[in-house]
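See below for coords_11.cif, which holds mmCIF, C-alpha atoms and all ligand atoms.
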data_entry
loop_
_atom_site.label_atom_id
_atom_site.label_comp_id
_atom_site.auth_asym_id
_atom_site.auth_seq_id
_atom_site.Cartn_x
_atom_site.Cartn_y
_atom_site.Cartn_z
CA MET A 1 62.22 119.52 71.76
CA LYS A 2 62.75 116.56 69.41
CA THR A 3 64.82 113.57 70.52
CA VAL A 4 66.73 111.22 68.22
CA PHE A 5 67.15 107.66 69.51
CA SER A 6 68.17 104.32 68.05
CA PRO A 7 67.15 100.93 69.50
CA LEU A 8 70.42 99.68 67.99
CA HIS A 9 72.21 101.09 71.06
CA ALA A 10 71.27 97.78 72.69
CA ARG A 11 73.58 95.94 70.30
CA ARG A 12 76.26 97.17 72.71
CA THR A 13 75.59 94.89 75.66
CA VAL A 14 79.01 93.97 77.02
CA LYS A 15 79.29 91.87 80.18
CA THR A 16 82.61 93.22 81.47
CA GLU A 17 84.33 96.39 82.58
CA LEU A 18 87.78 96.13 84.12
CA ASP A 19 87.53 98.07 87.36
CA GLY A 20 89.43 97.75 90.64
CA GLY A 21 91.09 94.56 89.46
CA LEU A 22 87.73 92.92 88.75
CA LEU A 23 85.57 92.41 85.67
CA ILE A 24 82.37 94.13 86.81
CA GLU A 25 79.00 94.78 85.16
CA PRO A 26 79.71 97.84 83.01
CA HIS A 27 78.60 101.23 84.30
CA GLU A 28 77.82 102.17 80.68
CA LYS A 29 74.83 99.82 80.34
CA PRO A 30 71.77 99.72 78.04
CA SER A 31 69.36 100.73 80.80
CA ARG A 32 70.93 104.20 80.80
CA ALA A 33 69.49 105.01 77.37
CA GLU A 34 66.20 103.24 78.03
CA THR A 35 65.70 105.19 81.27
CA ILE A 36 66.33 108.51 79.53
CA LEU A 37 63.95 107.55 76.70
CA ALA A 38 61.24 106.63 79.20
CA ARG A 39 61.62 110.03 80.85
CA VAL A 40 61.49 111.80 77.46
CA ARG A 41 58.18 110.07 76.78
CA ASN A 42 56.87 110.51 80.35
CA GLN A 43 57.53 114.25 80.15
CA ALA A 44 56.20 114.52 76.59
CA LEU A 45 59.39 116.39 75.73
CA GLY A 46 58.57 116.04 72.06
CA GLU A 47 58.73 113.73 69.04
CA VAL A 48 61.17 110.80 69.21
CA LEU A 49 62.77 109.98 65.84
CA GLU A 50 64.97 107.13 64.71
CA PRO A 51 68.19 108.17 62.96
CA GLU A 52 68.86 108.35 59.25
CA GLU A 53 71.84 106.46 57.85
CA PHE A 54 74.75 108.78 57.02
CA GLY A 55 77.38 106.18 56.17
CA LEU A 56 81.05 106.40 57.08
CA GLU A 57 81.98 109.67 55.36
CA PRO A 58 80.92 112.07 58.15
CA ILE A 59 82.62 109.77 60.69
CA LYS A 60 85.83 109.84 58.66
CA ARG A 61 85.78 113.64 58.70
CA VAL A 62 86.89 113.20 62.34
CA HIS A 63 88.28 109.65 62.67
CA THR A 64 91.07 108.07 60.61
CA ALA A 65 90.13 105.49 58.00
CA ASP A 66 92.39 102.85 59.58
CA TYR A 67 90.79 103.37 63.00
CA VAL A 68 87.29 103.05 61.52
CA SER A 69 88.31 99.86 59.71
CA PHE A 70 89.82 98.50 62.93
CA LEU A 71 86.60 99.03 64.87
CA GLU A 72 84.67 97.25 62.11
CA THR A 73 86.90 94.15 62.16
CA CYS A 74 88.41 93.94 65.63
CA TRP A 75 85.77 91.63 67.12
CA ASP A 76 86.20 89.17 64.23
CA GLU A 77 89.99 89.39 64.58
CA TRP A 78 89.65 88.70 68.31
CA VAL A 79 87.44 85.65 67.74
CA ALA A 80 89.72 84.40 64.94
CA ALA A 81 92.63 84.58 67.38
CA GLY A 82 90.73 82.15 69.62
CA LYS A 83 90.29 84.52 72.56
CA PRO A 84 87.80 83.23 75.15
CA GLY A 85 86.45 86.49 76.59
CA GLU A 86 85.44 89.96 75.46
CA ALA A 87 88.01 92.06 73.58
CA ILE A 88 89.91 94.11 76.17
CA PRO A 89 93.11 96.08 75.43
CA ALA A 90 95.94 95.15 77.79
CA VAL A 91 99.18 96.48 76.26
CA TRP A 92 100.19 99.96 75.12
CA ALA A 93 103.31 101.75 73.85
CA GLY A 94 104.85 103.06 77.05
CA ARG A 95 107.57 105.72 77.25
CA GLY A 96 110.46 104.91 74.91
CA MET A 97 108.44 102.39 72.89
CA ARG A 98 107.17 102.78 69.32
CA HIS A 99 103.75 103.94 68.16
CA ARG A 100 103.64 101.61 65.18
CA LEU A 101 100.69 99.40 64.26
CA PRO A 102 101.38 95.69 64.94
CA LYS A 103 99.68 92.78 63.15
CA ASP A 104 98.54 90.96 66.28
CA ILE A 105 95.08 91.77 67.64
CA ASP A 106 96.39 92.41 71.18
CA GLY A 107 98.83 94.95 69.75
CA ARG A 108 96.15 96.50 67.54
CA LEU A 109 93.72 96.88 70.46
CA GLY A 110 96.46 98.70 72.38
CA TYR A 111 97.44 100.86 69.42
CA TYR A 112 93.85 102.07 68.96
CA SER A 113 92.94 102.65 72.63
CA PHE A 114 94.10 104.58 75.70
CA ALA A 115 92.31 102.72 78.49
CA ALA A 116 91.29 99.15 79.49
CA GLU A 117 87.81 99.63 80.95
CA THR A 118 86.06 99.59 77.53
CA SER A 119 85.43 96.01 76.40
CA ILE A 120 84.40 95.29 72.81
CA THR A 121 82.09 92.50 71.66
CA GLU A 122 79.94 91.67 68.67
CA GLY A 123 77.45 94.49 68.16
CA THR A 124 79.72 97.26 69.46
CA TRP A 125 80.38 98.38 65.88
CA ASP A 126 76.66 98.56 65.03
CA ALA A 127 75.85 100.46 68.21
CA ALA A 128 78.67 102.96 67.72
CA ARG A 129 77.61 103.56 64.12
CA ALA A 130 73.99 104.07 65.20
CA SER A 131 75.12 106.51 67.90
CA ALA A 132 76.94 108.61 65.30
CA ASN A 133 73.83 108.50 63.07
CA VAL A 134 71.74 109.71 66.02
CA ALA A 135 74.01 112.73 66.44
CA LEU A 136 74.11 113.44 62.68
CA THR A 137 70.31 113.23 62.46
CA ALA A 138 70.02 115.77 65.28
CA GLN A 139 72.51 118.01 63.49
CA LYS A 140 70.49 117.78 60.27
CA LEU A 141 67.29 118.74 62.13
CA VAL A 142 68.99 121.76 63.73
CA ALA A 143 70.50 122.80 60.39
CA GLY A 144 66.98 122.45 59.02
CA GLY A 145 65.59 124.96 61.49
CA GLU A 146 65.04 123.28 64.85
CA ARG A 147 66.37 125.51 67.64
CA ALA A 148 67.64 122.51 69.64
CA VAL A 149 67.55 118.71 69.35
CA PHE A 150 68.48 116.01 71.91
CA ALA A 151 70.73 113.31 70.39
CA LEU A 152 70.19 110.44 72.82
CA CYS A 153 73.51 108.82 71.97
CA ARG A 154 74.73 105.50 73.35
CA PRO A 155 77.59 104.60 73.41
CA PRO A 156 78.93 108.05 74.34
CA GLY A 157 81.75 109.69 72.38
CA HIS A 158 83.65 112.56 74.04
CA HIS A 159 86.65 110.45 75.12
CA ALA A 160 87.27 109.11 71.60
CA HIS A 161 90.24 110.62 69.74
CA ALA A 162 90.67 110.54 65.95
CA ASP A 163 92.13 107.03 66.29
CA LEU A 164 91.65 105.99 69.92
CA PHE A 165 88.75 104.42 71.84
CA GLY A 166 88.36 104.44 75.61
CA GLY A 167 86.19 105.75 78.41
CA TYR A 168 83.23 103.81 76.96
CA CYS A 169 83.59 105.85 73.71
CA PHE A 170 84.31 104.81 70.10
CA PHE A 171 83.11 107.55 67.73
CA ASN A 172 83.22 111.11 69.01
CA ASN A 173 79.58 112.04 68.38
CA ALA A 174 80.04 115.67 69.51
CA ALA A 175 83.08 116.15 67.26
CA ILE A 176 81.32 114.49 64.31
CA THR A 177 78.37 116.83 64.86
CA ALA A 178 80.57 119.93 65.03
CA GLN A 179 82.42 118.90 61.86
CA ALA A 180 79.11 118.34 60.08
CA PHE A 181 78.09 121.91 60.97
CA ARG A 182 81.44 123.15 59.63
CA ASP A 183 81.07 121.14 56.42
CA GLN A 184 77.65 122.73 55.92
CA GLY A 185 79.08 126.26 56.10
CA TYR A 186 78.67 127.14 59.78
CA GLN A 187 81.74 129.36 60.17
CA ARG A 188 82.42 128.79 63.86
CA VAL A 189 81.14 126.03 66.14
CA ALA A 190 81.48 125.82 69.94
CA ILE A 191 81.52 122.54 71.85
CA LEU A 192 80.66 122.80 75.55
CA ASP A 193 81.44 119.59 77.48
CA VAL A 194 79.59 119.53 80.79
CA ASP A 195 80.26 115.83 81.49
CA PHE A 196 82.07 115.20 84.79
CA HIS A 197 85.10 113.93 82.88
CA HIS A 198 87.39 115.90 80.56
CA GLY A 199 86.42 115.59 76.92
CA ASN A 200 89.94 114.54 75.99
CA GLY A 201 89.00 113.19 72.58
CA THR A 202 87.10 116.32 71.61
CA GLN A 203 89.99 118.53 72.77
CA ALA A 204 92.54 116.49 70.84
CA ILE A 205 90.52 116.42 67.61
CA PHE A 206 90.25 120.22 67.38
CA TYR A 207 93.38 121.20 69.35
CA ASN A 208 95.11 122.91 66.40
CA ARG A 209 92.00 124.57 65.00
CA SER A 210 90.42 127.98 65.57
CA ASP A 211 87.09 127.23 63.82
CA VAL A 212 85.85 124.94 66.62
CA LEU A 213 86.08 126.18 70.22
CA THR A 214 86.32 123.34 72.71
CA ILE A 215 85.52 123.90 76.39
CA SER A 216 85.26 121.32 79.15
CA LEU A 217 84.41 121.58 82.84
CA HIS A 218 85.51 118.47 84.73
CA GLY A 219 86.97 116.75 87.71
CA ASP A 220 90.70 117.28 88.31
CA PRO A 221 92.55 114.82 86.02
CA ASP A 222 95.19 114.53 88.75
CA LEU A 223 92.51 112.57 90.60
CA VAL A 224 90.21 111.04 87.97
CA PHE A 225 89.87 109.70 84.44
CA PRO A 226 91.25 110.46 81.86
CA HIS A 227 94.29 111.27 84.08
CA PHE A 228 96.63 112.34 81.29
CA LEU A 229 94.83 115.29 79.64
CA GLY A 230 92.45 118.06 80.72
CA PHE A 231 94.66 120.44 82.71
CA GLU A 232 94.09 124.20 82.64
CA ASP A 233 97.36 124.95 80.87
CA GLU A 234 96.09 123.16 77.74
CA ILE A 235 94.91 126.14 75.67
CA GLY A 236 95.28 124.81 72.14
CA GLU A 237 98.26 125.06 69.83
CA GLY A 238 99.17 126.55 66.46
CA ASP A 239 96.06 128.10 64.91
CA GLY A 240 94.13 126.57 67.80
CA GLU A 241 95.95 128.47 70.55
CA GLY A 242 93.32 130.14 72.68
CA TYR A 243 90.51 127.93 71.35
CA ASN A 244 90.60 125.26 74.04
CA LEU A 245 89.53 125.92 77.63
CA ASN A 246 89.70 123.46 80.52
CA LEU A 247 88.02 124.32 83.82
CA VAL A 248 89.10 121.88 86.55
CA TYR A 249 87.31 121.33 89.88
CA PRO A 250 88.01 119.35 93.09
CA PRO A 251 85.97 116.71 94.89
CA ASN A 252 82.59 117.78 96.29
CA THR A 253 82.22 120.76 93.94
CA PRO A 254 78.60 122.03 94.17
CA TYR A 255 76.68 123.79 91.42
CA SER A 256 77.31 127.16 93.11
CA THR A 257 81.01 126.73 92.34
CA TRP A 258 80.70 124.74 89.11
CA SER A 259 78.33 127.33 87.64
CA GLN A 260 81.02 130.01 87.98
CA GLY A 261 82.99 127.94 85.48
CA LEU A 262 79.88 127.67 83.35
CA GLU A 263 79.69 131.47 83.31
CA THR A 264 83.35 131.67 82.23
CA ALA A 265 82.61 129.16 79.49
CA CYS A 266 79.53 131.06 78.33
CA ARG A 267 81.48 134.31 78.18
CA GLN A 268 84.14 132.67 76.03
CA ILE A 269 81.48 131.12 73.79
CA GLU A 270 79.79 134.53 73.33
CA ALA A 271 83.15 136.16 72.53
CA PHE A 272 83.78 133.46 69.92
CA ARG A 273 80.51 134.33 68.14
CA PRO A 274 79.72 130.76 67.07
CA THR A 275 76.93 129.99 64.63
CA ALA A 276 76.13 126.63 66.28
CA LEU A 277 76.61 124.98 69.66
CA VAL A 278 77.19 121.32 70.52
CA VAL A 279 76.72 120.39 74.17
CA ALA A 280 78.44 117.18 75.22
CA LEU A 281 75.94 116.37 77.91
CA GLY A 282 77.10 114.07 80.67
CA VAL A 283 75.12 114.07 83.90
CA ASP A 284 77.79 112.20 85.88
CA THR A 285 78.23 115.54 87.65
CA PHE A 286 75.25 114.36 89.75
CA GLU A 287 75.76 114.16 93.52
CA GLU A 288 74.97 110.41 93.56
CA ASP A 289 77.02 109.38 90.55
CA PRO A 290 78.94 106.18 91.40
CA ILE A 291 82.19 107.03 89.58
CA SER A 292 82.38 110.83 89.97
CA PHE A 293 82.75 113.42 92.72
CA PHE A 294 80.76 116.58 92.00
CA LYS A 295 77.60 117.49 93.94
CA LEU A 296 75.10 118.79 91.40
CA THR A 297 71.45 118.14 92.27
CA SER A 298 68.65 117.18 89.88
CA GLY A 299 67.24 120.71 90.11
CA ASP A 300 70.60 122.13 89.01
CA TYR A 301 70.11 120.53 85.59
CA LEU A 302 67.03 122.71 85.02
CA THR A 303 69.20 125.76 85.78
CA LEU A 304 71.94 124.44 83.50
CA GLY A 305 69.52 124.00 80.61
CA LYS A 306 68.15 127.50 81.07
CA ARG A 307 71.66 128.98 81.02
CA ILE A 308 72.58 127.14 77.85
CA GLU A 309 69.40 128.40 76.14
CA GLN A 310 70.42 131.99 76.98
CA LEU A 311 73.34 131.62 74.58
CA GLY A 312 70.70 131.88 71.85
CA LEU A 313 72.37 129.37 69.53
CA PRO A 314 71.17 126.48 67.36
CA THR A 315 72.05 123.62 69.69
CA VAL A 316 72.64 119.86 69.49
CA PHE A 317 72.89 117.99 72.78
CA THR A 318 74.87 114.74 72.48
CA MET A 319 74.33 112.37 75.42
CA GLU A 320 77.60 111.43 77.07
CA GLY A 321 78.02 110.05 80.62
CA GLY A 322 75.90 109.64 83.71
CA TYR A 323 75.96 106.39 85.71
CA ASP A 324 73.33 106.75 88.44
CA VAL A 325 70.77 104.98 86.28
CA GLU A 326 67.87 105.70 88.65
CA ALA A 327 68.41 109.44 88.28
CA ILE A 328 69.78 109.72 84.74
CA GLY A 329 66.38 110.19 83.09
CA VAL A 330 65.31 113.07 85.33
CA ASN A 331 68.76 114.70 85.19
CA ALA A 332 69.22 114.53 81.41
CA VAL A 333 65.65 115.57 80.56
CA ASN A 334 65.80 118.36 83.17
CA VAL A 335 68.49 119.97 81.01
CA MET A 336 66.16 119.91 78.00
CA GLN A 337 63.18 121.14 80.01
CA GLY A 338 65.28 123.89 81.59
CA PHE A 339 66.33 124.89 78.07
CA GLU A 340 62.63 125.15 77.23
CA GLY A 341 61.88 127.33 80.23
CA LYS A 342 60.74 124.88 82.91
CA GLU A 343 61.73 126.24 86.37
N1 LIG B 1 86.46 103.31 88.59
C1 LIG B 1 85.81 103.88 87.43
C2 LIG B 1 86.80 104.09 86.30
C3 LIG B 1 86.08 104.67 85.10
N2 LIG B 1 86.95 104.89 83.98
C4 LIG B 1 86.28 105.37 82.75
C5 LIG B 1 85.32 106.48 83.00
C6 LIG B 1 84.68 106.91 81.70
C7 LIG B 1 83.62 108.00 81.89
C8 LIG B 1 82.93 108.30 80.63
S1 LIG B 1 81.84 109.71 80.67
MG MG B 2 83.60 117.68 80.80
ZN ZN B 3 81.91 111.21 82.24
#

What is this structure when it is put down as structure tokens?
Amino acid sequence: MKTVFSPLHARRTVKTELDGGLLIEPHEKPSRAETILARVRNQALGEVLEPEEFGLEPIKRVHTADYVSFLETCWDEWVAAGKPGEAIPAVWAGRGMRHRLPKDIDGRLGYYSFAAETSITEGTWDAARASANVALTAQKLVAGGERAVFALCRPPGHHAHADLFGGYCFFNNAAITAQAFRDQGYQRVAILDVDFHHGNGTQAIFYNRSDVLTISLHGDPDLVFPHFLGFEDEIGEGDGEGYNLNLVYPPNTPYSTWSQGLETACRQIEAFRPTALVVALGVDTFEEDPISFFKLTSGDYLTLGKRIEQLGLPTVFTMEGGYDVEAIGVNAVNVMQGFEGKE
């Protein structure tokens, strides 16, 4: 299987993540992508390609123009405002307040985000753009005939809404990939989000549409991020009613339970008769993940990959979460090797 990777991911090297009242070393760190790449090479998974440049148009098929412009300029605005640290949102429109765009950079950061753990610094823009190009290059290869391609994206994307960043995500790589398939005439596209966390951005982007089926298995939002979306009663609305599926699980869920949800998801995908599949691949479902609470083992990712292959669809995997850096390479590449038949 081919892998697409950009060294530009390393332009996103922030020093802070607001967590537990402290500014900690971010969980979403450069070594995540480097560890996965090393495993790809160690396992001779296949050719590793750098991305092509697709520009802003395919990104703007999913994200609003004003949000894209904000991401491009927000670091400069922050520096111009004389701020001493990294750009961190700290104020949002609470209940009864107005969702209007202020002029001040603190207000703009809050308007375009939904969470405070995702710091922005110089280079974040370049890394996010490269990550979208990685996904779009994988999509082009699959549209060109590859059965499946691994888009080794960093930063991740599944928490990003059309005009919101958060959860370490800026551009929704999986959504951008699905929209690219649609724009190239693929009638129906399914997105399967197996990351531990709800793919809130992906759900929101396609919530009113019946041409893209969005499914996510994840930890109970009553207990974990993103807290305010991802419940099982969210089934889509308007034309999209019935085209969103959330499967929610409690702490300590093992693969034997989680995989029952995977079967439900696969049945719905088969019923939808998609012509392409995007898998938002987070491996923070791993038993040792520092910020999650499922109990999947490394071997389970081989089984997961095999099950996904049985759907028989042209497939793009977009790398999402996974924060046990020691294990992330084995776990992510196990999915690809399982897809290719390794037991
Ligand atoms: N105490 C950890 C809080 C983490 N909040 C953001 C999680 C984003 C996961 C992206 S896959
Ligand atoms: Mg998920
Ligand atoms: Zn996650």

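Using only C-alpha atoms and all ligand atoms, the nearest neighbour of ligand MG 2 (chain B) within the list A:Thr121, A:Thr202, A:Asn334, A:Thr177 is A:Thr202.
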
> If you count all atoms listed in the file, which residues end up within 10 Å of ligand ZN 3 (chain B), as a PyMOL selection string?
Replying inline: chain A and resi 156-159+167-168+193-199+218-219+225-226+280-285+289+291-292+320-323

> For Glu237 of chain A, which residue out of A:Arg209, A:Pro7, A:Ser259, A:Asp66 is the nearest one, using all atoms listed in the file?
Replying inline: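 Comparing A:Arg209, A:Pro7, A:Ser259, A:Asp66 against Glu237 of chain A, the winner is A:Arg209.
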
> Which neighbours of segment 301-313 of chain A fall inside 9 Å, counting all atoms listed in the file, when residues of the same chain fewer than 3 positions from it are skipped, and could you give them as a ChimeraX atom specification?
Replying inline: /A:147-148,259,262-263,266,269-270,274-277,279,283,296-298,330-343

>> With all atoms listed in the file as the counted atoms, please give the residues lying no more than 10 Å from segment 23-26 of chain A, apart from itself and same-chain residues fewer than 3 positions off, as a ChimeraX atom specification.
In response: /A:13-20,29-30,117-119,168,323

Would you list the contacts of Phe181 of chain A as an mmCIF file with C-alpha atoms, in the coordinates of the input, taking every protein, DNA or RNA residue within 10 Å and counting all atoms listed in the file, but skipping same-chain residues closer than 3 positions in sequence?
data_model
loop_
_atom_site.group_PDB
_atom_site.id
_atom_site.type_symbol
_atom_site.label_atom_id
_atom_site.label_comp_id
_atom_site.auth_asym_id
_atom_site.auth_seq_id
_atom_site.Cartn_x
_atom_site.Cartn_y
_atom_site.Cartn_z
ATOM 1 C CA LEU A 136 74.110 113.440 62.680
ATOM 2 C CA GLN A 139 72.510 118.010 63.490
ATOM 3 C CA LYS A 140 70.490 117.780 60.270
ATOM 4 C CA VAL A 142 68.990 121.760 63.730
ATOM 5 C CA ALA A 143 70.500 122.800 60.390
ATOM 6 C CA ALA A 175 83.080 116.150 67.260
ATOM 7 C CA ILE A 176 81.320 114.490 64.310
ATOM 8 C CA THR A 177 78.370 116.830 64.860
ATOM 9 C CA ALA A 178 80.570 119.930 65.030
ATOM 10 C CA GLN A 184 77.650 122.730 55.920
ATOM 11 C CA GLY A 185 79.080 126.260 56.100
ATOM 12 C CA TYR A 186 78.670 127.140 59.780
ATOM 13 C CA GLN A 187 81.740 129.360 60.170
ATOM 14 C CA ARG A 188 82.420 128.790 63.860
ATOM 15 C CA VAL A 189 81.140 126.030 66.140
ATOM 16 C CA THR A 275 76.930 129.990 64.630
ATOM 17 C CA ALA A 276 76.130 126.630 66.280
ATOM 18 C CA LEU A 277 76.610 124.980 69.660
ATOM 19 C CA VAL A 278 77.190 121.320 70.520
#

> Counting only C-alpha atoms, what is within 9 Å of segment 169-171 of chain A, bar same-chain residues fewer than 5 positions away, as a ChimeraX atom specification?
Replying inline: /A:59,62-63,68,71,118,124-125,128-129,131-132,154-164,176,320

Would you output that residue set with C-alpha atoms, as an mmCIF file, keeping the file's coordinate frame?
data_model
loop_
_atom_site.group_PDB
_atom_site.id
_atom_site.type_symbol
_atom_site.label_atom_id
_atom_site.label_comp_id
_atom_site.auth_asym_id
_atom_site.auth_seq_id
_atom_site.Cartn_x
_atom_site.Cartn_y
_atom_site.Cartn_z
ATOM 1 C CA ILE A 59 82.620 109.770 60.690
ATOM 2 C CA VAL A 62 86.890 113.200 62.340
ATOM 3 C CA HIS A 63 88.280 109.650 62.670
ATOM 4 C CA VAL A 68 87.290 103.050 61.520
ATOM 5 C CA LEU A 71 86.600 99.030 64.870
ATOM 6 C CA THR A 118 86.060 99.590 77.530
ATOM 7 C CA THR A 124 79.720 97.260 69.460
ATOM 8 C CA TRP A 125 80.380 98.380 65.880
ATOM 9 C CA ALA A 128 78.670 102.960 67.720
ATOM 10 C CA ARG A 129 77.610 103.560 64.120
ATOM 11 C CA SER A 131 75.120 106.510 67.900
ATOM 12 C CA ALA A 132 76.940 108.610 65.300
ATOM 13 C CA ARG A 154 74.730 105.500 73.350
ATOM 14 C CA PRO A 155 77.590 104.600 73.410
ATOM 15 C CA PRO A 156 78.930 108.050 74.340
ATOM 16 C CA GLY A 157 81.750 109.690 72.380
ATOM 17 C CA HIS A 158 83.650 112.560 74.040
ATOM 18 C CA HIS A 159 86.650 110.450 75.120
ATOM 19 C CA ALA A 160 87.270 109.110 71.600
ATOM 20 C CA HIS A 161 90.240 110.620 69.740
ATOM 21 C CA ALA A 162 90.670 110.540 65.950
ATOM 22 C CA ASP A 163 92.130 107.030 66.290
ATOM 23 C CA LEU A 164 91.650 105.990 69.920
ATOM 24 C CA ILE A 176 81.320 114.490 64.310
ATOM 25 C CA GLU A 320 77.600 111.430 77.070
#

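Here atom CA of Cys74 of chain A and atom MG of ligand MG 2 (chain B) stand 28.6 Å from one another.
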
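Once Met97 of chain A and its same-chain neighbours fewer than 5 positions away are set aside, A:Val91, A:Trp92, A:Tyr111 remain within 12 Å of it when counting only C-alpha atoms.
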
> For the point (67.6, 113.1, 64.7) in file coordinates, what residues are within 6 Å, counting all atoms listed in the file? Give the answer as JSON, numbers by chain?
Replying inline: {"A": [4, 49, 51, 134, 137, 138]}

> So, counting all atoms listed in the file, which residue among A:Gln43, A:Ser31, A:Ser6, A:Thr214 is closest to ligand MG 2 (chain B)?
Replying inline: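 Counting all atoms listed in the file, the residue closest to ligand MG 2 (chain B) is A:Thr214.
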
Size and centre in Å, one decimal, axis-aligned box, all listed segment 18-29 of chain A atoms plus 3 Å per side, as JSON:
{"center_x": 83.0, "center_y": 97.3, "center_z": 85.5, "size_x": 22.3, "size_y": 15.8, "size_z": 16.3}

>> Using Å and a single decimal, report how far atom CA of His27 of chain A sits from atom C1 of ligand LIG 1 (chain B).
In response: 8.3 Å
